[in-house]
Amino acid sequence: CDYCFGEDYELVFVDDGSTDGTREWLSQLTSQQVRVHINEKNLGRGGAVKKGIQISRGAIVGFMDIDCEMSEAYLARFAMSISRGADLAVGYRIYNVSMHPYVMLRHFLSLGYKALVATMLQVKVRDSEVGYKFFSRRFADHVVAESRFDDWFWDSEVCLLAQANGLKTEEITGAFVRNPLKTSTVHVLRDSIRYLKALSEYRKLLTQGAYQKMRQSDVVAIGRTSVR
């Protein structure tokens, strides 16, 4: 990371109630720029990322999936996007899809979810569920305060929060290369049902006025830019 940010950065690892030896591995990290937080119980994807945002100290805050299927080589582009004035930088994955049946199924389910979110919620970001996002400090704090989801729908919720507040969002295009050694925790039928329930719950929250907008003095509506 030194080539991206010099020495002015921190890495925050959040262990979300793991039982596979991860926390023991994290305990061996000794760099002054590394901080470790242990959740004694699993909070869910969104809950874990929000915890990391809460304890972070930087003016630019971001996260990426630790399997690196979208490479860490893009970190500098995400950070530069925020430093140039965006409040949210979102990855846009370019897939190299193998013909393995499970990989094909996951790919087409992902495409279906994107189409569903675009239709039901009019989200403008093309890849809202990507696990690679950077935030300005003001928007990161807003996300922690206003997010209502702790599961996988949190990724889409974040994009919708930025859109609702008229914040500048940039999309960073990058190659997605599936890690063949990764054991997926995704269960197609169960998670598809969860996503549909989350979509319904989000629309219900909107009608109830559950989300507070950022102060208008803090918001400059600039629109969406795609960064190739």
# chains A, B, ... in the order shown; residues from 1 in each chain; ligands from 1

call {"tool": "select_by_dssp", "arguments": {"residues": "stretch 1-175 of chain A", "states": "helix (DSSP H, G or I)", "output": "PyMOL selection string"}}
result
chain A and resi 2-5+22-26+45-55+72-83+101-121+137-146+154-164

call {"tool": "residues_around", "arguments": {"residues": "A:Ile60", "least_positions_apart": "3", "cutoff": "8 Å", "atoms": "only C-alpha atoms", "output": "ChimeraX atom specification"}}
result
/A:79,82-83,134-137

call {"tool": "closest_residue", "arguments": {"among": "A:Met214, A:Ile55, A:Val14, A:Met70", "to": "A:Phe176", "atoms": "only C-alpha atoms"}}
result
A:Met70

call {"tool": "select_by_dssp", "arguments": {"residues": "chain A", "states": "strand (DSSP E or B)", "output": "ChimeraX atom specification"}}
result
/A:11-16,34-39,60-64,70,88-95,132-136,169-176,224-227

call {"tool": "closest_residue", "arguments": {"among": "A:Thr173, A:Ser71, A:Ser156, A:Ser56", "to": "A:Glu10", "atoms": "only C-alpha atoms"}}
result
A:Ser56

call {"tool": "residues_around", "arguments": {"residues": "A:Phe149", "least_positions_apart": "5", "cutoff": "9 Å", "atoms": "only C-alpha atoms", "output": "PDB file with all heavy atoms, in the first residue's frame"}}
result
ATOM      1  N   GLY A  46     -22.595  -6.349   6.022  1.00  0.00           N
ATOM      2  CA  GLY A  46     -22.761  -4.913   6.219  1.00  0.00           C
ATOM      3  C   GLY A  46     -22.384  -4.473   7.617  1.00  0.00           C
ATOM      4  O   GLY A  46     -21.743  -3.437   7.806  1.00  0.00           O
ATOM      5  N   GLY A  47     -22.774  -5.256   8.611  1.00  0.00           N
ATOM      6  CA  GLY A  47     -22.452  -4.921   9.990  1.00  0.00           C
ATOM      7  C   GLY A  47     -20.958  -4.893  10.235  1.00  0.00           C
ATOM      8  O   GLY A  47     -20.439  -4.019  10.948  1.00  0.00           O
ATOM      9  N   TRP A 154     -26.703  -4.640   2.142  1.00  0.00           N
ATOM     10  CA  TRP A 154     -26.051  -3.388   2.533  1.00  0.00           C
ATOM     11  C   TRP A 154     -25.308  -2.745   1.365  1.00  0.00           C
ATOM     12  O   TRP A 154     -25.321  -1.518   1.216  1.00  0.00           O
ATOM     13  CB  TRP A 154     -25.082  -3.665   3.679  1.00  0.00           C
ATOM     14  CG  TRP A 154     -24.317  -2.470   4.127  1.00  0.00           C
ATOM     15  CD1 TRP A 154     -24.713  -1.516   5.016  1.00  0.00           C
ATOM     16  CD2 TRP A 154     -22.999  -2.090   3.708  1.00  0.00           C
ATOM     17  NE1 TRP A 154     -23.735  -0.564   5.176  1.00  0.00           N
ATOM     18  CE2 TRP A 154     -22.672  -0.894   4.382  1.00  0.00           C
ATOM     19  CE3 TRP A 154     -22.063  -2.646   2.828  1.00  0.00           C
ATOM     20  CZ2 TRP A 154     -21.451  -0.243   4.211  1.00  0.00           C
ATOM     21  CZ3 TRP A 154     -20.849  -2.004   2.650  1.00  0.00           C
ATOM     22  CH2 TRP A 154     -20.552  -0.819   3.329  1.00  0.00           C
ATOM     23  N   GLU A 157     -27.760  -0.910  -0.630  1.00  0.00           N
ATOM     24  CA  GLU A 157     -28.289   0.188   0.179  1.00  0.00           C
ATOM     25  C   GLU A 157     -27.350   1.389   0.160  1.00  0.00           C
ATOM     26  O   GLU A 157     -27.790   2.546   0.072  1.00  0.00           O
ATOM     27  CB  GLU A 157     -28.509  -0.295   1.614  1.00  0.00           C
ATOM     28  CG  GLU A 157     -29.112   0.760   2.530  1.00  0.00           C
ATOM     29  CD  GLU A 157     -29.110   0.327   3.986  1.00  0.00           C
ATOM     30  OE1 GLU A 157     -28.200  -0.438   4.378  1.00  0.00           O
ATOM     31  OE2 GLU A 157     -30.010   0.751   4.725  1.00  0.00           O
ATOM     32  N   ALA A 198     -35.123  -8.533   1.210  1.00  0.00           N
ATOM     33  CA  ALA A 198     -34.445  -7.269   1.500  1.00  0.00           C
ATOM     34  C   ALA A 198     -34.946  -6.157   0.590  1.00  0.00           C
ATOM     35  O   ALA A 198     -35.147  -5.022   1.030  1.00  0.00           O
ATOM     36  CB  ALA A 198     -32.942  -7.441   1.352  1.00  0.00           C
ATOM     37  N   TYR A 202     -36.606  -2.818   2.007  1.00  0.00           N
ATOM     38  CA  TYR A 202     -36.073  -1.489   1.697  1.00  0.00           C
ATOM     39  C   TYR A 202     -37.178  -0.565   1.181  1.00  0.00           C
ATOM     40  O   TYR A 202     -37.275   0.599   1.586  1.00  0.00           O
ATOM     41  CB  TYR A 202     -34.952  -1.604   0.663  1.00  0.00           C
ATOM     42  CG  TYR A 202     -34.411  -0.252   0.234  1.00  0.00           C
ATOM     43  CD1 TYR A 202     -33.515   0.443   1.034  1.00  0.00           C
ATOM     44  CD2 TYR A 202     -34.825   0.327  -0.971  1.00  0.00           C
ATOM     45  CE1 TYR A 202     -33.037   1.691   0.658  1.00  0.00           C
ATOM     46  CE2 TYR A 202     -34.346   1.575  -1.358  1.00  0.00           C
ATOM     47  CZ  TYR A 202     -33.454   2.248  -0.540  1.00  0.00           C
ATOM     48  OH  TYR A 202     -32.996   3.481  -0.917  1.00  0.00           O
TER      49      TYR A 202
END

call {"tool": "atom_distance", "arguments": {"atom1": "atom CA of A:Leu167", "atom2": "atom CA of A:Phe139"}}
result
8.7 Å

call {"tool": "closest_residue", "arguments": {"among": "A:Glu72, A:Asp87, A:Asp8, A:Asp20", "to": "A:Gln163", "atoms": "only C-alpha atoms"}}
result
A:Asp87

call {"tool": "closest_residue", "arguments": {"among": "A:Cys68, A:Leu43, A:Ala140, A:Leu199", "to": "A:Lys114", "atoms": "only C-alpha atoms"}}
result
A:Leu199

call {"tool": "residues_around", "arguments": {"residues": "A:Asn96", "least_positions_apart": "6", "cutoff": "10 Å", "atoms": "only C-alpha atoms", "output": "count of residues only"}}
result
4

call {"tool": "closest_residue", "arguments": {"among": "A:Lys124, A:Lys51, A:Arg35, A:Arg215", "to": "A:Val144", "atoms": "only C-alpha atoms"}}
result
A:Lys51

call {"tool": "closest_residue", "arguments": {"among": "A:Met64, A:Ala145, A:Leu26, A:Leu121", "to": "A:Leu206", "atoms": "only C-alpha atoms"}}
result
A:Leu121

call {"tool": "residues_around", "arguments": {"residues": "A:Ser27", "least_positions_apart": "6", "cutoff": "10 Å", "atoms": "only C-alpha atoms", "output": "list in words"}}
result
Arg35, Val36, His37 and Ile38 of chain A

call {"tool": "atom_distance", "arguments": {"atom1": "atom CA of A:Ala164", "atom2": "atom CA of A:Thr207"}}
result
13.7 Å

call {"tool": "atom_distance", "arguments": {"atom1": "atom CA of A:Val130", "atom2": "atom CA of A:Gln32"}}
result
29.2 Å
